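Raw contents of model.txt, compact mmCIF, C-alpha atoms:
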# COMPACT_ATOMS: atom_id res chain seq x y z
CA MET F 19 53.36 7.14 268.96
CA SER F 20 53.95 3.39 268.78
CA LEU F 21 57.54 2.41 269.34
CA PRO F 22 58.99 -0.25 267.02
CA SER F 23 60.92 -3.24 268.31
CA LEU F 24 64.52 -2.98 267.13
CA ILE F 25 67.19 -5.60 266.48
CA SER F 26 70.93 -5.38 265.92
CA LEU F 27 72.35 -5.49 262.44
CA PRO F 28 73.86 -8.82 261.36
CA ASP F 29 77.61 -8.73 262.03
CA LYS F 30 78.39 -9.31 258.36
CA ALA F 31 76.32 -6.27 257.35
CA ALA F 32 77.63 -3.67 259.78
CA GLY F 33 80.43 -2.54 257.46
CA ALA F 34 77.96 -1.74 254.68
CA PHE F 35 76.47 1.15 256.65
CA ALA F 36 79.51 3.43 256.88
CA TRP F 37 77.60 5.91 254.71
CA VAL F 38 75.32 6.73 257.66
CA ALA F 39 78.21 8.62 259.27
CA HIS F 40 78.51 11.02 256.30
CA PRO F 41 78.58 14.45 258.07
CA PRO F 42 76.00 16.26 255.86
CA LEU F 43 73.62 13.33 256.31
CA GLN F 44 74.22 13.25 260.05
CA ALA F 45 73.33 16.93 260.20
CA ILE F 46 69.96 16.20 258.55
CA LEU F 47 69.27 13.43 261.03
CA LYS F 48 70.16 15.65 263.97
CA ALA F 49 67.86 18.42 262.72
CA LEU F 50 64.96 15.98 262.54
CA ASP F 51 65.76 14.36 265.86
CA ALA F 52 65.99 17.74 267.61
CA ALA F 53 62.39 18.37 266.56
CA GLY F 54 61.26 14.99 267.91
CA GLY F 55 61.12 13.40 264.47
CA ALA F 56 62.51 9.94 265.42
CA PRO F 57 64.02 9.60 261.92
CA MET F 58 64.80 6.20 260.43
CA PHE F 59 66.20 5.27 257.05
CA VAL F 60 63.85 3.17 254.98
CA GLY F 61 63.60 1.42 251.65
CA GLY F 62 66.33 1.13 249.07
CA CYS F 63 69.28 2.52 251.01
CA VAL F 64 68.66 -0.01 253.81
CA ARG F 65 67.72 -2.90 251.55
CA ASP F 66 70.64 -2.45 249.17
CA SER F 67 73.16 -2.02 251.98
CA LEU F 68 72.01 -5.30 253.48
CA TYR F 69 72.27 -6.78 249.99
CA GLY F 70 75.89 -5.64 249.75
CA VAL F 71 75.43 -2.62 247.48
CA PRO F 72 75.48 0.42 249.80
CA PRO F 73 75.31 4.06 248.73
CA ASP F 74 78.65 5.53 247.73
CA PHE F 75 78.65 9.31 247.89
CA ASP F 76 82.04 9.45 246.12
CA ASP F 77 80.66 7.67 243.06
CA PRO F 78 78.24 9.78 240.97
CA ASP F 79 77.06 6.61 239.19
CA ALA F 80 76.15 4.76 242.40
CA ARG F 81 72.56 4.38 243.55
CA ASN F 82 72.53 7.04 246.24
CA ASP F 83 68.82 7.49 246.92
CA ILE F 84 68.42 8.24 250.61
CA ASP F 85 64.92 7.92 252.06
CA ILE F 86 64.12 8.82 255.66
CA ALA F 87 60.85 8.17 257.49
CA THR F 88 59.75 10.48 260.30
CA VAL F 89 56.81 11.09 262.62
CA LEU F 90 57.00 14.82 261.85
CA THR F 91 54.36 16.26 259.56
CA PRO F 92 55.65 17.79 256.32
CA GLY F 93 55.29 21.28 257.76
CA GLU F 94 57.21 20.31 260.87
CA THR F 95 59.90 18.72 258.71
CA VAL F 96 60.33 21.91 256.71
CA LYS F 97 60.60 23.98 259.90
CA ALA F 98 63.14 21.60 261.45
CA LEU F 99 65.38 21.68 258.39
CA GLN F 100 65.17 25.41 257.91
CA ALA F 101 65.91 25.99 261.60
CA ALA F 102 69.15 24.09 261.05
CA GLY F 103 70.02 26.27 258.04
CA MET F 104 69.19 23.68 255.40
CA LYS F 105 67.13 23.91 252.23
CA ALA F 106 63.77 22.12 252.35
CA VAL F 107 61.83 21.55 249.13
CA PRO F 108 58.21 20.27 249.34
CA THR F 109 58.58 17.90 246.40
CA GLY F 110 55.66 15.64 247.29
CA ILE F 111 53.93 17.48 250.07
CA GLU F 112 50.51 15.87 249.47
CA HIS F 113 52.11 12.48 250.13
CA GLY F 114 54.26 13.76 252.95
CA THR F 115 57.60 14.06 251.17
CA VAL F 116 60.08 16.89 251.68
CA THR F 117 63.51 16.97 250.02
CA ALA F 118 66.36 18.01 252.29
CA MET F 119 69.50 19.54 250.77
CA ASN F 120 72.62 20.03 252.80
CA GLN F 121 76.16 20.54 251.47
CA GLY F 122 75.47 18.48 248.36
CA MET F 123 73.60 15.82 250.29
CA VAL F 124 70.04 15.13 249.12
CA ALA F 125 67.57 13.07 251.13
CA GLU F 126 63.85 12.43 250.72
CA ILE F 127 62.07 12.74 254.07
CA THR F 128 58.55 11.34 254.27
CA THR F 129 56.03 11.43 257.07
CA LEU F 130 54.70 8.07 258.25
CA ARG F 131 51.52 7.31 256.32
CA ALA F 132 48.49 5.08 256.27
CA ASP F 133 46.46 4.42 253.14
CA ILE F 134 42.87 5.42 253.70
CA ALA F 135 41.61 4.79 250.15
CA THR F 136 43.07 3.18 247.02
CA ASP F 137 41.73 2.79 243.49
CA GLY F 138 44.36 0.60 241.87
CA ARG F 139 46.35 3.58 240.66
CA HIS F 140 46.84 6.03 243.51
CA ALA F 141 46.37 6.08 247.26
CA GLN F 142 44.81 8.69 249.48
CA VAL F 143 46.97 8.86 252.57
CA ALA F 144 46.68 10.10 256.12
CA PHE F 145 49.74 11.07 258.12
CA THR F 146 50.36 9.07 261.25
CA ALA F 147 52.85 8.54 264.05
CA ASP F 148 52.28 4.78 263.95
CA TRP F 149 55.19 2.82 262.47
CA ASP F 150 52.99 -0.25 262.19
CA GLN F 151 50.60 1.50 259.83
CA ASP F 152 53.49 2.81 257.74
CA TRP F 153 55.12 -0.52 256.99
CA ARG F 154 51.86 -2.34 256.32
CA ARG F 155 51.07 -0.07 253.36
CA ARG F 156 54.30 -0.95 251.53
CA ASP F 157 54.58 -3.46 248.70
CA PHE F 158 57.29 -6.04 249.45
CA THR F 159 58.83 -7.28 252.68
CA ILE F 160 62.31 -6.24 251.53
CA ASN F 161 61.06 -2.66 251.15
CA ALA F 162 59.81 -2.48 254.73
CA LEU F 163 63.25 -2.40 256.32
CA TYR F 164 64.05 0.57 258.57
CA LEU F 165 67.32 1.62 260.20
CA THR F 166 67.89 4.02 263.10
CA PRO F 167 70.76 6.53 263.04
CA ASP F 168 72.58 4.33 265.58
CA LEU F 169 72.31 1.31 263.25
CA GLN F 170 69.43 -0.58 264.85
CA LEU F 171 67.17 -2.44 262.45
CA TYR F 172 63.38 -2.39 262.43
CA ASP F 173 62.21 -5.40 260.42
CA PRO F 174 58.49 -5.86 261.01
CA ALA F 175 57.74 -7.78 257.81
CA GLY F 176 60.67 -10.21 257.74
CA GLY F 177 62.49 -8.43 254.97
CA LEU F 178 65.95 -9.40 256.20
CA ASP F 179 65.06 -13.08 256.02
CA ALA F 180 63.61 -12.58 252.53
CA LEU F 181 66.83 -10.90 251.37
CA GLU F 182 68.91 -13.74 252.75
CA ARG F 183 66.65 -16.29 251.06
CA LYS F 184 66.72 -14.21 247.87
CA SER F 185 62.96 -13.98 247.73
CA VAL F 186 60.63 -11.11 246.83
CA CYS F 187 57.30 -11.46 248.60
CA PHE F 188 54.33 -9.16 248.95
CA ILE F 189 53.47 -7.92 252.42
CA GLY F 190 50.32 -9.68 253.61
CA GLU F 191 47.88 -10.78 250.92
CA ALA F 192 49.47 -10.43 247.49
CA GLU F 193 46.22 -9.72 245.66
CA GLU F 194 45.26 -7.07 248.19
CA ARG F 195 48.59 -5.30 247.70
CA ILE F 196 48.19 -5.44 243.92
CA ARG F 197 44.65 -4.08 243.95
CA GLU F 198 45.94 -1.05 245.84
CA ASP F 199 48.21 -0.22 242.89
CA TYR F 200 48.35 -2.44 239.83
CA LEU F 201 51.79 -1.11 238.91
CA ARG F 202 53.03 -3.42 241.67
CA ILE F 203 52.66 -6.22 239.15
CA LEU F 204 55.56 -4.83 237.10
CA ARG F 205 57.46 -3.93 240.25
CA PHE F 206 57.18 -7.54 241.42
CA TYR F 207 59.00 -8.75 238.31
CA ARG F 208 61.57 -5.96 238.39
CA PHE F 209 62.48 -6.54 242.03
CA SER F 210 62.48 -10.31 241.54
CA ALA F 211 64.98 -9.96 238.71
CA ARG F 212 67.37 -8.10 241.01
CA TYR F 213 66.85 -9.70 244.40
CA ALA F 214 65.33 -13.18 243.93
CA ASP F 215 66.64 -16.51 242.72
CA ASP F 216 63.18 -17.38 241.44
CA LEU F 217 59.67 -15.96 241.41
CA ASP F 218 57.61 -16.29 244.55
CA GLY F 219 54.77 -18.59 243.57
CA THR F 220 52.07 -16.74 245.46
CA GLY F 221 53.14 -13.40 244.05
CA SER F 222 53.40 -14.72 240.51
CA ALA F 223 49.94 -16.30 240.72
CA ALA F 224 48.46 -13.03 242.00
CA CYS F 225 50.06 -11.09 239.15
CA ARG F 226 48.68 -13.53 236.59
CA SER F 227 45.23 -13.36 238.10
CA LEU F 228 45.08 -9.55 238.22
CA ARG F 229 47.14 -8.67 235.14
CA GLU F 230 44.22 -6.95 233.41
CA GLY F 231 44.47 -4.28 236.09
CA LEU F 232 47.51 -2.94 234.27
CA ASP F 233 45.09 -1.51 231.71
CA SER F 234 44.08 1.09 234.29
CA ILE F 235 47.63 2.36 234.85
CA SER F 236 48.85 5.39 232.94
CA LYS F 237 51.10 4.82 229.94
CA GLU F 238 53.80 6.97 231.54
CA ARG F 239 54.01 4.75 234.65
CA ILE F 240 53.95 1.56 232.58
CA GLY F 241 56.68 2.89 230.31
CA GLN F 242 58.92 4.00 233.15
CA GLU F 243 58.64 0.64 234.87
CA MET F 244 59.22 -1.33 231.68
CA MET F 245 62.35 0.65 230.85
CA LYS F 246 63.68 -0.12 234.33
CA ILE F 247 63.06 -3.82 233.71
CA LEU F 248 64.68 -3.64 230.28
CA SER F 249 67.76 -1.89 231.68
CA GLY F 250 68.00 -4.07 234.78
CA PRO F 251 69.71 -7.37 235.57
CA ARG F 252 68.66 -10.88 234.53
CA ARG F 253 66.48 -9.77 231.66
CA GLY F 254 66.82 -13.21 230.09
CA PHE F 255 65.13 -14.66 233.18
CA ILE F 256 62.43 -12.14 233.97
CA LEU F 257 61.06 -11.26 230.51
CA PRO F 258 60.25 -14.88 229.59
CA ALA F 259 58.58 -15.20 233.01
CA MET F 260 56.50 -12.10 232.29
CA GLU F 261 55.54 -13.53 228.91
CA ALA F 262 54.54 -16.86 230.45
CA ASP F 263 52.42 -15.09 233.06
CA GLY F 264 50.60 -13.05 230.42
CA ILE F 265 52.06 -9.74 231.60
CA LEU F 266 53.77 -8.59 228.41
CA GLU F 267 50.56 -8.79 226.39
CA ARG F 268 48.99 -6.29 228.78
CA VAL F 269 51.89 -3.92 228.18
CA TRP F 270 51.75 -4.16 224.38
CA PRO F 271 49.32 -6.49 222.59
CA HIS F 272 51.75 -7.76 219.97
CA PRO F 273 53.73 -11.03 219.89
CA ALA F 274 56.93 -10.74 221.92
CA ASP F 275 60.12 -12.29 220.51
CA ILE F 276 61.50 -13.97 223.61
CA ASN F 277 64.24 -15.77 221.65
CA VAL F 278 65.79 -12.46 220.57
CA VAL F 279 65.56 -11.10 224.10
CA ALA F 280 67.28 -14.22 225.42
CA GLY F 281 70.06 -13.78 222.87
CA LEU F 282 70.56 -10.13 223.78
CA ALA F 283 70.55 -10.93 227.49
CA GLU F 284 73.34 -13.48 227.06
CA MET F 285 75.67 -11.11 225.27
CA PRO F 286 78.77 -9.93 227.15
CA GLU F 287 78.36 -6.47 225.63
CA ALA F 288 76.21 -3.85 227.32
CA VAL F 289 72.78 -3.83 225.69
CA ALA F 290 70.70 -0.69 226.18
CA ALA F 291 67.07 -0.86 227.25
CA GLU F 292 65.99 0.60 223.91
CA VAL F 293 67.73 -2.24 222.06
CA MET F 294 66.09 -4.80 224.35
CA LEU F 295 62.75 -3.18 223.54
CA ALA F 296 63.50 -3.34 219.81
CA GLY F 297 64.30 -7.02 220.18
CA LEU F 298 61.25 -7.75 222.30
CA TRP F 299 58.73 -6.27 219.86
CA PRO F 300 60.53 -6.05 216.48
CA SER F 301 57.34 -6.18 214.43
CA ALA F 302 55.54 -3.43 216.31
CA ASP F 303 54.55 -0.28 214.47
CA PRO F 304 57.61 2.00 214.71
CA GLY F 305 55.65 4.77 216.35
CA GLY F 306 53.14 2.63 218.19
CA ILE F 307 55.29 1.17 220.94
CA GLY F 308 56.89 4.54 221.60
CA ALA F 309 53.48 6.11 222.11
CA ALA F 310 52.21 3.12 224.11
CA LEU F 311 55.06 3.41 226.60
CA ARG F 312 55.35 7.19 226.37
CA LEU F 313 59.04 6.89 225.53
CA SER F 314 61.12 10.02 225.42
CA ASN F 315 62.05 11.22 221.94
CA ALA F 316 65.64 10.16 222.57
CA SER F 317 64.68 6.62 223.63
CA ASN F 318 62.24 6.13 220.77
CA THR F 319 64.81 7.39 218.27
CA ARG F 320 67.43 5.00 219.59
CA ARG F 321 64.98 2.08 219.41
CA ARG F 322 64.00 2.99 215.85
CA ASP F 323 67.61 3.51 214.74
CA ALA F 324 68.58 0.09 216.11
CA LEU F 325 65.81 -1.56 214.08
CA GLU F 326 66.82 0.28 210.92
CA ALA F 327 70.49 -0.59 211.32
CA ALA F 328 69.65 -4.24 212.03
CA SER F 329 67.54 -4.39 208.87
CA ALA F 330 70.66 -3.54 206.83
CA LEU F 331 72.53 -6.56 208.21
CA THR F 332 72.43 -10.26 207.36
CA ASP F 333 73.49 -13.33 209.30
CA MET F 334 77.02 -12.80 207.98
CA ALA F 335 78.98 -10.06 209.73
CA PRO F 336 79.84 -7.15 207.43
CA ASP F 337 83.44 -6.99 206.32
CA GLU F 338 85.53 -4.02 207.34
CA ARG F 339 84.67 -1.93 204.31
CA ARG F 340 80.93 -2.60 204.52
CA ALA F 341 81.02 -1.92 208.25
CA ARG F 342 82.53 1.52 207.62
CA VAL F 343 79.73 2.31 205.17
CA LEU F 344 77.09 1.32 207.71
CA VAL F 345 78.76 3.20 210.55
CA TYR F 346 78.92 6.29 208.35
CA HIS F 347 75.28 5.94 207.38
CA PHE F 348 73.77 5.09 210.78
CA GLY F 349 76.35 6.45 213.22
CA ASP F 350 78.52 4.38 215.52
CA ARG F 351 75.95 3.91 218.30
CA ALA F 352 73.08 2.91 216.02
CA PHE F 353 75.34 0.54 214.09
CA ARG F 354 76.50 -1.08 217.29
CA ASP F 355 72.92 -1.39 218.58
CA GLY F 356 71.78 -2.81 215.26
CA ALA F 357 74.64 -5.28 215.13
CA LEU F 358 73.80 -6.63 218.57
CA LEU F 359 70.16 -6.91 217.57
CA ALA F 360 71.08 -8.70 214.32
CA MET F 361 73.36 -11.13 216.16
CA ALA F 362 70.54 -12.02 218.53
CA ARG F 363 68.08 -12.44 215.65
CA PHE F 364 70.32 -14.72 213.62
CA GLY F 365 71.31 -16.79 216.63
CA GLU F 366 73.48 -19.78 215.73
CA ALA F 367 74.36 -18.42 212.30
CA ALA F 368 75.77 -15.24 213.84
CA GLU F 369 77.47 -17.22 216.59
CA ALA F 370 79.33 -19.22 213.94
CA ASP F 371 80.71 -15.92 212.63
CA TYR F 372 81.32 -14.51 216.12
CA ASP F 373 84.88 -13.23 215.56
CA SER F 374 83.83 -11.27 212.49
CA TRP F 375 80.94 -9.68 214.37
CA GLN F 376 83.31 -8.71 217.15
CA ALA F 377 85.63 -7.11 214.61
CA ALA F 378 82.70 -5.08 213.23
CA LEU F 379 81.75 -3.94 216.73
CA ALA F 380 85.35 -2.99 217.44
CA LEU F 381 85.44 -0.93 214.25
CA ALA F 382 82.36 0.99 215.40
CA ASP F 383 84.12 1.75 218.67
CA ASN F 384 87.45 2.74 217.18
CA TRP F 385 86.93 4.15 213.68
CA HIS F 386 86.73 7.92 213.53
CA VAL F 387 83.81 8.70 211.26
CA PRO F 388 85.11 11.35 208.85
CA ASP F 389 83.25 14.42 207.71
CA PHE F 390 82.46 14.50 203.99
CA PRO F 391 85.33 16.66 202.71
CA ILE F 392 83.82 17.94 199.44
CA THR F 393 81.78 21.13 199.49
CA ALA F 394 79.34 22.84 197.17
CA ARG F 395 81.77 25.75 196.94
CA GLN F 396 84.42 23.46 195.47
CA LEU F 397 82.03 22.21 192.80
CA ILE F 398 80.98 25.78 191.94
CA ASP F 399 84.66 26.64 191.53
CA GLN F 400 84.84 23.81 189.00
CA GLY F 401 82.10 25.37 186.88
CA LEU F 402 78.74 24.23 188.25
CA GLU F 403 76.00 26.78 188.78
CA PRO F 404 73.96 26.88 192.01
CA GLY F 405 70.74 24.94 191.59
CA PRO F 406 69.41 21.39 191.28
CA ASP F 407 72.43 20.18 189.28
CA LEU F 408 74.74 21.33 192.06
CA GLY F 409 72.78 19.43 194.69
CA ALA F 410 72.74 16.30 192.55
CA ALA F 411 76.48 16.59 191.92
CA LEU F 412 77.20 16.93 195.62
CA LYS F 413 75.17 13.78 196.35
CA GLN F 414 76.98 11.96 193.57
CA ALA F 415 80.34 13.07 194.93
CA GLU F 416 79.41 11.72 198.37
CA ALA F 417 78.29 8.40 196.87
CA LEU F 418 81.60 8.07 195.01
CA TRP F 419 83.55 8.99 198.15
CA ILE F 420 81.75 6.31 200.17
CA GLU F 421 82.10 3.74 197.38
CA ARG F 422 85.88 4.34 197.32
CA ASP F 423 86.17 3.84 201.08
CA PHE F 424 86.33 7.42 202.34
CA PRO F 425 89.60 8.67 200.83
CA VAL F 426 91.06 11.92 202.17
CA ASP F 427 94.09 12.44 199.90
CA ASP F 428 93.98 15.37 197.49
CA MET F 429 94.32 13.29 194.32
CA SER F 430 91.38 11.01 195.14
CA LEU F 431 89.18 13.92 196.13
CA ALA F 432 90.07 15.83 192.95
CA THR F 433 89.12 12.79 190.87
CA ILE F 434 85.78 12.46 192.66
CA ARG F 435 84.98 16.13 192.18
CA ALA F 436 85.81 15.94 188.49
CA GLU F 437 83.63 12.83 187.98
CA ALA F 438 80.71 14.37 189.86
CA VAL F 439 80.91 17.56 187.77
CA GLN F 440 81.21 15.55 184.54
CA GLN F 441 78.11 13.49 185.36
CA ALA F 442 76.20 16.67 186.17
CA ASP F 443 77.18 18.16 182.82
CA ASP F 444 76.06 15.00 181.02
Written as structure tokens, that's how I'd like the structure from this file.
Amino acid sequence: MSLPSLISLPDKAAGAFAWVAHPPLQAILKALDAAGGAPMFVGGCVRDSLYGVPPDFDDPDARNDIDIATVLTPGETVKALQAAGMKAVPTGIEHGTVTAMNQGMVAEITTLRADIATDGRHAQVAFTADWDQDWRRRDFTINALYLTPDLQLYDPAGGLDALERKSVCFIGEAEERIREDYLRILRFYRFSARYADDLDGTGSAACRSLREGLDSISKERIGQEMMKILSGPRRGFILPAMEADGILERVWPHPADINVVAGLAEMPEAVAAEVMLAGLWPSADPGGIGAALRLSNASNTRRRDALEAASALTDMAPDERRARVLVYHFGDRAFRDGALLAMARFGEAAEADYDSWQAALALADNWHVPDFPITARQLIDQGLEPGPDLGAALKQAEALWIERDFPVDDMSLATIRAEAVQQADD
């Protein structure tokens, strides 16, 4: 087994690794170490801690993915964990990954690997005890950062320097890394949006040159990566860069509306990934982009609802009464999504009416959408017979109720019922 050369953590970063002392996590490390596993943390938990965003096990919304590398084979890992009384789940056994569960603590433990064959989509791997082989198969220098349980850093690729320079660089030859897995093209832009001030020129050129390789990647993987980009930081920076590099056209061969995306990205309000997607490709076939990215039903519905709500809006913000009608029709979330999309589409015109748009958004947040208070039973009691006329009268009653701004007092409702019955009789 090759032994890596370790360095001390930067003084300013030491405080970001308090999470390592978490007792359930320490127990996992001790179980692996007792079996000769030489465990080290790797990847996101190390990178993000150095970046100033460490795991927080008290915050369920924090990014708490814990990845541990070990020289143990998957079978040896399972035995070591079970011997210590912990649950071991072979979640990715063919790639060397075992999930450890201990007192609510979850960690992914992966055997050191070397790629023995790649086809641009997947890698065939061989387990190894060589740390050098393990880091060389990774994508970016910032993802090849390892940390021992006693807080010593293994930084073979210069990832710490890249983090400090705010640069995302491929390990070794960029084109070689991309040809191993073309999804790394999208990962390059996603990681650059989060960790880089600007795009690495070599990496960007390699992505442009090999962008057609994305055609070989499954729709599911493309969709998952795109939704991460659309929900991530600095979307107004990275999406125009992807468009300029010819990446977006490989994802979906329709014109992308970068101006709308830029407008959405500048908004102080939270803009969901589905709304960003609706803004990016507003003219796409409503079902086509969902199928192309293999969106979940929930995500595709939200994207579609945002487009429909936006289509009901103009460059002038709806007044309070009109806003209530739209919130009732589309629902508060879809109205809000559509309003943000409309504001981005209309640009300066919407900005000139900014206060009114904010009032409409506030109404969507604060107005309790009432249930339609008139029932078929009430109309039957007023003389209508069950059948088509009853259904038409109920729809008419709802239209009158909406038109009169959702009254709930008995007199107004009685008047609406009477008018609906009268029109049905006519």
For a test of reading the model, state the distance in Å between CA of Asp168 in chain F and CA of Ala39 in chain F, rounded to one decimal.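 Here the two named atoms are 9.5 Å from each other.
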For CA of Gln400 in chain F and CA of Val439 in chain F, determine how far apart the two atoms are, in Å to one decimal place.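 These two atoms are separated by 7.5 Å.
From CA of Glu421 in chain F back to CA of Leu331 in chain F, the distance works out to 17.7 Å.
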Tell me which of F:Ile398, F:Ala211, F:Ala125, F:Ala87 sits closest to Met104 in chain F, counting all atoms listed in the file. F:Ala125
Counting all atoms listed in the file, what is within 9 Å of Leu402 in chain F, bar same-chain residues fewer than 6 positions away, as a ChimeraX atom specification? /F:408,411,439,442-443
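All residues of protein, DNA or RNA that reach within 12 Å of Pro41 in chain F, judged by only C-alpha atoms and not counting those fewer than 5 positions away in the chain, are Ala36, Ile46, Leu47, Lys48, Phe75, Asn120, Gln121, Gly122 and Met123 of chain F.
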Please produce a file of the residues just selected, as a short mmCIF file (atom, residue, chain, number, x, y, z; two decimals), in the frame of the given file, where the atoms kept are C-alpha atoms.
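Okay, out.cif is ready:
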data_model
loop_
_atom_site.label_atom_id
_atom_site.label_comp_id
_atom_site.auth_asym_id
_atom_site.auth_seq_id
_atom_site.Cartn_x
_atom_site.Cartn_y
_atom_site.Cartn_z
CA ALA F 36 79.51 3.43 256.88
CA ILE F 46 69.96 16.20 258.55
CA LEU F 47 69.27 13.43 261.03
CA LYS F 48 70.16 15.65 263.97
CA PHE F 75 78.65 9.31 247.89
CA ASN F 120 72.62 20.03 252.80
CA GLN F 121 76.16 20.54 251.47
CA GLY F 122 75.47 18.48 248.36
CA MET F 123 73.60 15.82 250.29
#
12 Å contact set for Ala180 in chain F, only C-alpha atoms, chain neighbours under 3 positions out, as a ChimeraX atom specification: /F:65,68-69,158-163,173-177,183-189,210,213-215,218
Please, which residues are within 12 Å of (55.5, 7.6, 223.6) by the file's coordinates, counting only C-alpha atoms, and could they come as a list in words?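 Collected hits near the coordinates: Ser236, Lys237, Glu238, Arg239, Ile240, Gly241, Gln242, Pro304, Gly305, Gly306, Ile307, Gly308, Ala309, Ala310, Leu311, Arg312, Leu313, Ser314, Asn315, Ala316, Ser317, Asn318, Thr319 and Arg321 of chain F.
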Excluding same-chain residues fewer than 5 positions from Asp133 in chain F, what lies within 8 Å of it counting all atoms listed in the file, as a PyMOL selection string? chain F and resi 141-144+155
Name all residues at most 12 Å from Ala370 in chain F (count all atoms listed in the file; drop same-chain ones fewer than 3 positions away) and give them as a PDB file with C-alpha atoms, in the coordinates of the input.
ATOM      1  CA  ASP F 333      73.490 -13.330 209.300  1.00  0.00           C
ATOM      2  CA  MET F 334      77.020 -12.800 207.980  1.00  0.00           C
ATOM      3  CA  ALA F 335      78.980 -10.060 209.730  1.00  0.00           C
ATOM      4  CA  MET F 361      73.360 -11.130 216.160  1.00  0.00           C
ATOM      5  CA  PHE F 364      70.320 -14.720 213.620  1.00  0.00           C
ATOM      6  CA  GLY F 365      71.310 -16.790 216.630  1.00  0.00           C
ATOM      7  CA  GLU F 366      73.480 -19.780 215.730  1.00  0.00           C
ATOM      8  CA  ALA F 367      74.360 -18.420 212.300  1.00  0.00           C
ATOM      9  CA  ASP F 373      84.880 -13.230 215.560  1.00  0.00           C
ATOM     10  CA  SER F 374      83.830 -11.270 212.490  1.00  0.00           C
ATOM     11  CA  TRP F 375      80.940  -9.680 214.370  1.00  0.00           C
ATOM     12  CA  GLN F 376      83.310  -8.710 217.150  1.00  0.00           C
TER      13      GLN F 376
END
